[in-house]
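Below: one structure, written as structure tokens.
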There are 2 protein chains.
Amino acid sequence: MIPVVAFVGASGSGKTTVLEGVVGELKAQGLRIGVAKHSHHEVQLDQPGKDTWRLAEAGCDVVVLGTQRGLTMFDRSGEDTPLEAVAALVRGRVDLLLAEGYGDAAVPKVAVVRRAVSSDLPDDRENLIALVSDVPFALPLPRFSFDEPRALADFLVGFCCHQAETH
Amino acid sequence: MIPVVAFVGASGSGKTTVLEGVVGELKAQGLRIGVAKHSHHEVQLDQPGKDTWRLAEAGCDVVVLGTQRGLTMFDRSGEDTPLEAVAALVRGRVDLLLAEGYGDAAVPKVAVVRRAVSSDLPDDRENLIALVSDVPFALPLPRFSFDEPRALADFLVGFCCHQAETH
């Protein structure tokens with residue numbers, strides 16, 4: 001299995017921005033990175049009129065568009081894919097999968113907490129491995145500020161290497 | 001492996017329309033259907049400004065957007081995924097994978113030939129299992145007209161069942 005780390009926190013706390021920074025640092029280290037984002041809203045990414053759209057409308061459960069530079073897969077099965085299954089899907093394509101959301105998944109988590117939004121920690125403390133926060137917490141976990149993507153990336157690489165060695 | 005059948009033919013011969021009809025018939029039979037389309041053009045399906053777009057721009061090789069009703073995966077690895085690897089990707093999600101394009105793949109093929117566009121058959125005759133055409137050909141293969149999606153769907157189901165039995 002590839003390593004998976006989920007970034008959890010209240011909406012508006014800056015998870016996507018934190019991930020952008022971390023991804024940039026991890027890419028600079030030569031790693032292949034995947035990000036899985038979970039949304040509670042329906043999202044329309046395909047575009048009406050395109051062939052992929054027509055085929056989806058015809059009833060396809062899955063539509064894949066492949067090109068010489070990549071691939072897009074639309075799964076319209078009507079089911080939510082658990083993070084573990086997403087990890088299986090991207091296996092071989094990435095070295096590390098970061099997630100945004102997927103708070104229910106039993107994977108290592110980084111909590112993103114911004115005082116102006118909410119100072120609550122996620123319910124799942126057991127899987128918490130670090131914090132990105134402008135609020136101090138009395139927890140024996142590394143805490144990073146919002147402007148330390150490099151340090152956070154280094155921590156994640158160290159954590160995942162350690163996990164790989166002990167599993 | 002799930003069964004794979006590729007629809008090949010000149011651009012403009014009506015492959016997508018044929019597939020739309022066949023998919024509708026196969027869905028009516030309760031099958032889970034995937035379609036993989038290969039495009040030689042770069043296609044921009046993600047949308048600037050969205051979180052998925054931002055994460056891709058940050059350098060992610062793969063971005064997945066999961067919702068309660070499905071999943072979209074953007075692979076920006078810069079590589080073309082062979083049809084066999086697409087089949088592995090959708091395994092468990094569909095019962096049958098139909099392809100549009102992917103003429104180089106060594107899979108069973110249906111040639112779509114419309115006289116007004118081109119009367120050429122694909123180079124790969126060896127894997128040809130049927131024709132959809134308004135032109136007669138002296139080939140020992142079933143030929144369907146453009147308005148017989150039901151008959152073509154039934155043929156495909158029979159062909160795939162037969163393949164499954166003999167493999």
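Scheme for the structure tokens: letters A, B, ... for chains in order shown; per-chain residue numbers from 1; ligand numbers from 1 in order shown.
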| task | List every residue of region 17-164 of chain A that DSSP, applied to the backbone of this structure, assigns to helix (DSSP H, G or I), and report them as a PyMOL selection string. | result | chain A and resi 17-28+51-57+83-90+149-164
| request: Please provide as a VMD selection string all residues within 10 Å of region 118-127 of chain B, with the sequence filter that same-chain residues fewer than 3 positions apart are discarded (counting only C-alpha atoms). | output: chain B and resid 5 to 6 8 to 13 103 to 115 130 to 131 133 to 137 139
Write out, as a CSV table (one decimal), in the first residue's frame, the residues just selected, with C-alpha atoms.
```csv
chain,number,residue,atom,x,y,z
B,5,VAL,CA,-13.9,-4.2,-26.9
B,6,ALA,CA,-12.5,-1.2,-28.9
B,8,VAL,CA,-12.2,1.9,-34.2
B,9,GLY,CA,-12.8,3.9,-37.3
B,10,ALA,CA,-12.1,7.2,-39.0
B,11,SER,CA,-12.8,10.4,-37.2
B,12,GLY,CA,-16.4,11.5,-38.0
B,13,SER,CA,-17.6,8.0,-38.8
B,103,GLY,CA,-6.5,1.3,-32.3
B,104,ASP,CA,-3.1,0.0,-31.3
B,105,ALA,CA,-4.4,-2.1,-28.4
B,106,ALA,CA,-4.4,-5.9,-29.0
B,107,VAL,CA,-8.1,-6.3,-28.0
B,108,PRO,CA,-11.2,-7.4,-30.0
B,109,LYS,CA,-12.4,-4.6,-32.2
B,110,VAL,CA,-15.5,-3.4,-33.9
B,111,ALA,CA,-14.8,-1.3,-37.0
B,112,VAL,CA,-17.1,1.7,-37.6
B,113,VAL,CA,-17.2,2.5,-41.3
B,114,ARG,CA,-19.3,5.2,-42.9
B,115,ARG,CA,-19.1,5.5,-46.6
B,130,ALA,CA,-17.7,-7.1,-36.2
B,131,LEU,CA,-18.5,-4.1,-38.4
B,133,SER,CA,-21.2,0.0,-41.5
B,134,ASP,CA,-23.3,1.3,-44.4
B,135,VAL,CA,-20.9,-0.4,-46.8
B,136,PRO,CA,-20.8,-4.1,-47.5
B,137,PHE,CA,-17.5,-5.9,-47.0
B,139,LEU,CA,-15.5,-10.4,-44.7
```
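The gap separating CA of Thr52 (chain B) from CA of Leu19 (chain B) is 29.3 Å, in Å to one decimal.
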| message | If the cut-off is 8 Å, can you tell me the residues of chain B near chain A, counting only C-alpha atoms? I'd like them as a ChimeraX atom specification. | response | /B:16,19-21,23-24,27,32-43,45-47,51-52,54-55,58-81,86,89-90,93-94
